[in-house]
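Right, one structure below, let's go through it.
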Amino acid sequence: MVKMRRISANYIYTVNTLPLKNCIVELDDTGKVLNIIDTQGDLKESRNLEFYNGIITPGFINTHCHLELSELKGLLKQNSGLPGFLAKIIKYKQETHDQNSLKAIEGYDRFMRQKGIVAVGDIANTNRTIHTKKKSKIYYHTFVEAIGLASNSEEIFQRNKSLFEEFLTNNLSASIVPHATYSVSKDLFLKLKKFSESQNSILSIHNQETESENQMFKNKSGDLANTLQKIGIDLKQWKSKGKNSIQSVSEYLPANNNVLFVHNTFSTIDDILWVNRNFPHAYWCLCPNSNLYIENKLPDIKLFYPYSDQITIGTDSLASNTTLSVLDEMKTITNAFKNIEFIKLIQWATLNGAKALKIDDKFGSIEIGKSPGLNLITNFNFEKKQLTQNSEIKVLV
């Protein structure tokens with residue numbers, strides 16, 4: 001006999017329907033949704049019914065994280081700007097890491113699950129996260145990150161391919177992706193494009209996180225170009241295109257793959273329209289707390305709002321954030337853009353991310369046959385249908 005849980009709350013945000021008042025969700029002991037009972041708001045007492053004050057949502061999808069940087073929490077200065085931040089991260093990646101790194105990785109994997117995150121798109125430059133991901137309750141898709149402006153693009157690609165295959169050997173979903181618009185040579189971009197097209201893989205790329213990224217592509221000037229040269233990267237052969245960064249490199253990305261453009265802090269409406277014309281499966285990942293931590297600036301989310309079905313949410317790393325909580329990212333967006341409806345915001349935090357990572361058959365919405373996880377959010381403003389700064393989360397399933 002299947003053991004069943006029956007769960008209800010003031011409102012259930014299934015994401016694929018309008019919010020349902022006093023709805024009942026029935027699940028088996030694995031967390032799979034067996035039935036959704038719309039009571040039309042008229043909930044009657046019944047046996048074995050768990051009722052919670054608050055709202056219930058599907059588990060969150062964090063589409064951009066760097067779990068392997070977890071030991072850096074609190075060590076990098078805030079508001080230093082991306083060029084200075086990058087120099088410190090590159091130095092960190094050149095160092096040897098010990099058991100403290102592995103403990104931090106394990107600890108923040110558990111933390112994310114406690115904060116209602118059921119799936120993560122995670123950047124990796126090493127194999128340090130494999131052990132944790134293999135036993136985690138979270139679903140991970142690992143983006144093995146390729147970086148290199150030098151002429152040894154084949155060597156870089158093969159090194160990343162070996163790491164990619166190591167994740168696959170451990171039964172972990174993965175793909176090879178370019179780090180950012182400014183940190184990958186044309187030859188390396190083309191190798192990644194060809195490989196991604198052959199695999200139909202999911203891509204992720206850091207995009208327009210600093211204004212000097214656009215300056216670099218327009219006329220080879222600005223803080224980012226200066227920083228790259230200071231840390232020993234030769235830009236003599238690098239050609240500026242006279243256009244913003246994403247428009248300059250879009251020809252090197254596979255047009256028909258799912259592509260997550262991450263950060264987009266300095267993206268313009270022209271950039272957004274350009275991407276949407278050229279990439280039918282584009283997603284815009286917002287990491288607002290990281291943007292505030294590094295550049296003290298948020299993307300102009302109003303520009304993205306007409307493309308709400310393409311927006312996802314990420315936390316970035318603890319090198320550039322104080323926590324790995326999708327709920328905290330949602331609070332920051334709510335506080336800065338008060339007209340954004342929660343029904344849209346929860347879609348960004350759940351179903352859109354699941355679609356971007358190609359896991360919406362299981363996650364992202366409360367539907368019969370799915371196992372999306374259930375989060376209870378309390379201290380919700382029912383009058384305004386909005387989060388508050390005191391909103392808290394409890395994982396129910």
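Please note that chains go A, B, ... in the order of the structure tokens, that every chain numbers its residues from 1, and that ligands are numbered from 1 in the order shown.
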Hey, could you make a per-residue contact list for region 143-242 of chain A against region 107-121 of chain A with 12 Å as the cut-off, showing the nearest pair of atoms and its distance in Å to one decimal, counting only C-alpha atoms, sorted by chain and number, as CSV?
residue,atom,partner,partner_atom,distance
A:Phe143,CA,A:Gly121,CA,6.9
A:Val144,CA,A:Gly121,CA,10.5
A:Glu145,CA,A:Gly121,CA,12.0
A:Leu172,CA,A:Gly121,CA,11.7
A:Ser173,CA,A:Gly121,CA,9.8
A:Ala174,CA,A:Gly121,CA,9.2
A:Ser175,CA,A:Gly121,CA,10.4
A:Val177,CA,A:Gly121,CA,11.8
A:Ile202,CA,A:Gly121,CA,9.8
A:Leu203,CA,A:Gly121,CA,10.0
A:Ser204,CA,A:Gly121,CA,8.8
A:Ile205,CA,A:Gly121,CA,11.7
Pull the closest atom pair for each residue of region 215-280 of chain A that gets at most 10 Å from region 53-68 of chain A, along with the distance in Å to one decimal, counting only C-alpha atoms, ordering rows by chain and then ascending residue number, as a tab-separated table.
residue	atom	partner	partner_atom	distance
A:Leu260	CA	A:Thr63	CA	8.2
A:Phe261	CA	A:His64	CA	9.9
A:Val262	CA	A:His64	CA	7.4
A:His263	CA	A:His64	CA	9.3
Checklist entry - Residues at most 8 Å from region 264-271 of chain A, counting only C-alpha atoms, excluding those fewer than 3 positions away in the same chain, as a list in words? => result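 Final neighbour list, sorted by chain and number: His206, Asn207, Gln208, Glu209, Thr210, Glu211, Asn244, Ile246, Gln247, Phe261, Trp274, Val275, Trp284, Cys285, Leu286, Asn291, Lys297, Leu298, Pro299, Asp300 and Leu303 of chain A.
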Checklist entry - If you count only C-alpha atoms, which residues fall within 12 Å of Glu106 (chain A), apart from same-chain ones fewer than 4 positions away, as a ChimeraX atom specification? => result /A:67-71,99-102,110-113,128-138
I need the residues from that last selection saved to file as a PDB file, in the first residue's frame (with C-alpha atoms), if you can.
ATOM      1  CA  LEU A  67      29.702  25.551  -5.008  1.00  0.00           C
ATOM      2  CA  GLU A  68      33.461  24.904  -5.121  1.00  0.00           C
ATOM      3  CA  LEU A  69      34.112  28.510  -3.975  1.00  0.00           C
ATOM      4  CA  SER A  70      32.148  28.055  -0.729  1.00  0.00           C
ATOM      5  CA  GLU A  71      35.179  28.394   1.553  1.00  0.00           C
ATOM      6  CA  GLN A  99      39.776  19.537   3.668  1.00  0.00           C
ATOM      7  CA  ASN A 100      38.305  22.917   4.662  1.00  0.00           C
ATOM      8  CA  SER A 101      37.250  23.385   1.048  1.00  0.00           C
ATOM      9  CA  LEU A 102      35.470  20.006   0.994  1.00  0.00           C
ATOM     10  CA  ARG A 110      23.034  20.943   2.858  1.00  0.00           C
ATOM     11  CA  PHE A 111      22.310  24.642   3.413  1.00  0.00           C
ATOM     12  CA  MET A 112      20.827  25.038  -0.070  1.00  0.00           C
ATOM     13  CA  ARG A 113      18.528  22.063   0.497  1.00  0.00           C
ATOM     14  CA  ARG A 128      36.189  18.977  -5.914  1.00  0.00           C
ATOM     15  CA  THR A 129      32.384  18.928  -5.878  1.00  0.00           C
ATOM     16  CA  ILE A 130      31.920  15.432  -7.324  1.00  0.00           C
ATOM     17  CA  HIS A 131      31.889  13.567  -3.990  1.00  0.00           C
ATOM     18  CA  THR A 132      29.252  15.900  -2.531  1.00  0.00           C
ATOM     19  CA  LYS A 133      27.084  15.940  -5.654  1.00  0.00           C
ATOM     20  CA  LYS A 134      27.002  12.141  -5.868  1.00  0.00           C
ATOM     21  CA  LYS A 135      25.331  11.818  -2.476  1.00  0.00           C
ATOM     22  CA  SER A 136      23.367  15.084  -2.448  1.00  0.00           C
ATOM     23  CA  LYS A 137      19.574  15.347  -2.254  1.00  0.00           C
ATOM     24  CA  ILE A 138      19.886  18.177  -4.794  1.00  0.00           C
TER      25      ILE A 138
END
Item to check | DSSP-assigned alpha helix (DSSP H) among region 138-247 of chain A, expressed as a VMD selection string | outcome: chain A and resid 153 to 169 186 to 199 211 to 219 223 to 230 245 to 247
Item to check | Contacts of Asn390 (chain A) within 10 Å, only C-alpha atoms, excl. fewer than 5 positions in-chain, as an NGL selection string | outcome: :A and (331 or 378-381)
Can you write out the residues you just picked, keeping C-alpha atoms, as a compact mmCIF listing (two decimals), in the first residue's frame?
# COMPACT_ATOMS: atom_id res chain seq x y z
CA LYS A 331 13.43 39.42 -1.54
CA THR A 378 5.55 32.09 5.99
CA ASN A 379 5.24 35.81 6.84
CA PHE A 380 3.76 36.38 3.39
CA ASN A 381 1.80 39.57 2.68
Next on the checklist: Applying 10 Å and only C-alpha atoms, which residues near Leu82 (chain A) remain after dropping the ones on its own chain fewer than 2 positions away? List them as a ChimeraX atom specification.
Outcome noted: /A:79-80,84-88,209-213,223-224,227,291,293-295,320
Preceding selection exported with N, CA and C atoms as a PDB file, in the first residue's frame:
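Generated file (again.pdb):
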ATOM      1  N   ASN A  79      31.941  45.440  -3.040  1.00  0.00           N
ATOM      2  CA  ASN A  79      31.976  46.654  -3.872  1.00  0.00           C
ATOM      3  C   ASN A  79      33.346  46.963  -4.439  1.00  0.00           C
ATOM      4  N   SER A  80      34.133  45.912  -4.707  1.00  0.00           N
ATOM      5  CA  SER A  80      35.473  46.115  -5.266  1.00  0.00           C
ATOM      6  C   SER A  80      35.447  46.229  -6.781  1.00  0.00           C
ATOM      7  N   GLY A  84      38.677  43.848 -10.088  1.00  0.00           N
ATOM      8  CA  GLY A  84      39.423  43.516  -8.878  1.00  0.00           C
ATOM      9  C   GLY A  84      39.012  42.182  -8.300  1.00  0.00           C
ATOM     10  N   PHE A  85      37.734  41.883  -8.359  1.00  0.00           N
ATOM     11  CA  PHE A  85      37.212  40.612  -7.877  1.00  0.00           C
ATOM     12  C   PHE A  85      37.810  39.456  -8.676  1.00  0.00           C
ATOM     13  N   LEU A  86      37.869  39.604  -9.993  1.00  0.00           N
ATOM     14  CA  LEU A  86      38.407  38.552 -10.857  1.00  0.00           C
ATOM     15  C   LEU A  86      39.863  38.238 -10.529  1.00  0.00           C
ATOM     16  N   ALA A  87      40.652  39.276 -10.300  1.00  0.00           N
ATOM     17  CA  ALA A  87      42.072  39.073  -9.995  1.00  0.00           C
ATOM     18  C   ALA A  87      42.238  38.206  -8.746  1.00  0.00           C
ATOM     19  N   LYS A  88      41.390  38.426  -7.735  1.00  0.00           N
ATOM     20  CA  LYS A  88      41.475  37.647  -6.500  1.00  0.00           C
ATOM     21  C   LYS A  88      41.007  36.204  -6.724  1.00  0.00           C
ATOM     22  N   GLU A 209      28.605  41.742 -16.725  1.00  0.00           N
ATOM     23  CA  GLU A 209      28.572  41.899 -15.265  1.00  0.00           C
ATOM     24  C   GLU A 209      29.175  43.225 -14.834  1.00  0.00           C
ATOM     25  N   THR A 210      29.931  43.862 -15.734  1.00  0.00           N
ATOM     26  CA  THR A 210      30.549  45.155 -15.450  1.00  0.00           C
ATOM     27  C   THR A 210      30.499  46.006 -16.707  1.00  0.00           C
ATOM     28  N   GLU A 211      30.394  47.318 -16.541  1.00  0.00           N
ATOM     29  CA  GLU A 211      30.354  48.213 -17.694  1.00  0.00           C
ATOM     30  C   GLU A 211      31.649  48.139 -18.496  1.00  0.00           C
ATOM     31  N   SER A 212      32.783  47.872 -17.813  1.00  0.00           N
ATOM     32  CA  SER A 212      34.059  47.828 -18.530  1.00  0.00           C
ATOM     33  C   SER A 212      34.160  46.622 -19.461  1.00  0.00           C
ATOM     34  N   GLU A 213      33.266  45.638 -19.306  1.00  0.00           N
ATOM     35  CA  GLU A 213      33.212  44.535 -20.267  1.00  0.00           C
ATOM     36  C   GLU A 213      32.776  45.059 -21.639  1.00  0.00           C
ATOM     37  N   ASP A 223      38.640  49.258 -17.235  1.00  0.00           N
ATOM     38  CA  ASP A 223      39.243  48.569 -16.087  1.00  0.00           C
ATOM     39  C   ASP A 223      39.419  47.072 -16.324  1.00  0.00           C
ATOM     40  N   LEU A 224      38.472  46.439 -17.016  1.00  0.00           N
ATOM     41  CA  LEU A 224      38.576  44.995 -17.233  1.00  0.00           C
ATOM     42  C   LEU A 224      39.775  44.669 -18.124  1.00  0.00           C
ATOM     43  N   THR A 227      42.955  45.197 -16.133  1.00  0.00           N
ATOM     44  CA  THR A 227      43.181  44.151 -15.130  1.00  0.00           C
ATOM     45  C   THR A 227      43.689  42.869 -15.782  1.00  0.00           C
ATOM     46  N   ASN A 291      25.388  40.855  -7.685  1.00  0.00           N
ATOM     47  CA  ASN A 291      25.615  42.121  -8.390  1.00  0.00           C
ATOM     48  C   ASN A 291      25.827  43.270  -7.401  1.00  0.00           C
ATOM     49  N   TYR A 293      26.936  42.883  -4.313  1.00  0.00           N
ATOM     50  CA  TYR A 293      28.175  42.585  -3.584  1.00  0.00           C
ATOM     51  C   TYR A 293      29.391  43.070  -4.366  1.00  0.00           C
ATOM     52  N   ILE A 294      29.397  42.839  -5.695  1.00  0.00           N
ATOM     53  CA  ILE A 294      30.582  43.155  -6.500  1.00  0.00           C
ATOM     54  C   ILE A 294      30.547  44.574  -7.055  1.00  0.00           C
ATOM     55  N   GLU A 295      29.468  44.920  -7.748  1.00  0.00           N
ATOM     56  CA  GLU A 295      29.416  46.210  -8.455  1.00  0.00           C
ATOM     57  C   GLU A 295      28.488  47.224  -7.786  1.00  0.00           C
ATOM     58  N   SER A 320      31.004  35.943  -3.654  1.00  0.00           N
ATOM     59  CA  SER A 320      30.353  37.186  -4.071  1.00  0.00           C
ATOM     60  C   SER A 320      28.942  37.327  -3.503  1.00  0.00           C
TER      61      SER A 320
END
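Between CA of Ile89 (chain A) and CA of Leu192 (chain A) the interatomic distance comes to 23.0 Å.
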Next on the checklist: With only C-alpha atoms as the counted atoms, please give the residues lying no more than 10 Å from Asn335 (chain A), apart from itself and same-chain residues fewer than 5 positions off, as a count of residues only.
Outcome noted: 6
Checklist entry - Which one is closest to Asp42 (chain A): A:Gly353, A:Ser198, A:Val15, A:Ser8? Count only C-alpha atoms. => result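 When distances to Asp42 (chain A) are compared using only C-alpha atoms, the smallest one comes from A:Ser8.
When only C-alpha atoms are used to measure the gap to Lys362 (chain A), the shortest distance among A:Lys32, A:Ser240, A:Asn10, A:Ile24 belongs to A:Lys32.
Between CA of Asn375 (chain A) and CA of Leu357 (chain A) lies a distance of 20.0 Å.
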Give me, as JSON lines, each residue of region 224-291 of chain A that comes within 8 Å of region 179-188 of chain A, together with its shortest interatomic pair and the distance in Å at one decimal, counting only C-alpha atoms, with rows ordered by chain and rising residue number.
{"residue": "A:Ser245", "atom": "CA", "partner": "A:Thr181", "partner_atom": "CA", "distance": 6.3}
{"residue": "A:Ile246", "atom": "CA", "partner": "A:Thr181", "partner_atom": "CA", "distance": 6.6}
{"residue": "A:Val249", "atom": "CA", "partner": "A:Thr181", "partner_atom": "CA", "distance": 6.5}
{"residue": "A:Tyr252", "atom": "CA", "partner": "A:Lys186", "partner_atom": "CA", "distance": 7.4}
Item to check | Straight-line distance linking CA of Lys243 (chain A) with CA of Ser290 (chain A), stated in Å to one decimal | outcome: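 These two atoms are separated by 25.5 Å.
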Next on the checklist: Which of region 108-338 of chain A end up as strand (DSSP E or B) when DSSP is run on this backbone - answer as a PyMOL selection string?
Outcome noted: chain A and resi 117-124+139-146+148+173-178+180+184+203-207+259-263+282-286+311-313
Residues of the last selection are to be written out with C-alpha atoms, as a compact mmCIF listing (two decimals), in the first residue's frame.
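The result, stored in result36.txt:
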# COMPACT_ATOMS: atom_id res chain seq x y z
CA ILE A 117 16.57 24.46 -3.42
CA VAL A 118 16.01 21.18 -5.27
CA ALA A 119 18.20 21.71 -8.36
CA VAL A 120 21.33 23.74 -9.17
CA GLY A 121 23.20 24.77 -12.29
CA ASP A 122 26.70 24.76 -10.84
CA ILE A 123 29.95 26.07 -12.33
CA ALA A 124 33.05 23.89 -11.86
CA TYR A 139 19.92 17.58 -8.54
CA TYR A 140 23.02 19.19 -10.08
CA HIS A 141 23.85 20.05 -13.65
CA THR A 142 27.55 20.97 -13.70
CA PHE A 143 28.85 23.57 -16.13
CA VAL A 144 32.52 22.69 -16.67
CA GLU A 145 33.97 26.12 -17.33
CA ALA A 146 36.51 26.77 -20.09
CA GLY A 148 41.59 30.87 -22.11
CA SER A 173 24.80 15.68 -15.61
CA ALA A 174 27.32 18.10 -17.14
CA SER A 175 28.30 20.23 -20.12
CA ILE A 176 31.34 22.28 -21.17
CA VAL A 177 30.74 26.03 -21.32
CA PRO A 178 32.63 29.28 -21.94
CA ALA A 180 32.54 34.74 -20.12
CA VAL A 184 37.62 32.83 -24.23
CA LEU A 203 25.26 26.36 -21.97
CA SER A 204 25.94 29.08 -19.44
CA ILE A 205 28.02 32.23 -19.92
CA HIS A 206 28.78 35.17 -17.61
CA ASN A 207 27.46 38.24 -19.41
CA VAL A 259 21.84 29.16 -23.22
CA LEU A 260 21.82 30.81 -19.79
CA PHE A 261 23.11 34.38 -19.95
CA VAL A 262 24.17 35.10 -16.38
CA HIS A 263 24.17 38.44 -14.49
CA ALA A 282 17.85 31.91 -24.34
CA TYR A 283 17.38 32.36 -20.59
CA TRP A 284 18.32 35.40 -18.52
CA CYS A 285 19.71 34.45 -15.10
CA LEU A 286 19.55 37.16 -12.44
CA ILE A 311 14.05 34.80 -16.56
CA THR A 312 15.70 32.53 -13.97
CA ILE A 313 17.36 33.16 -10.60
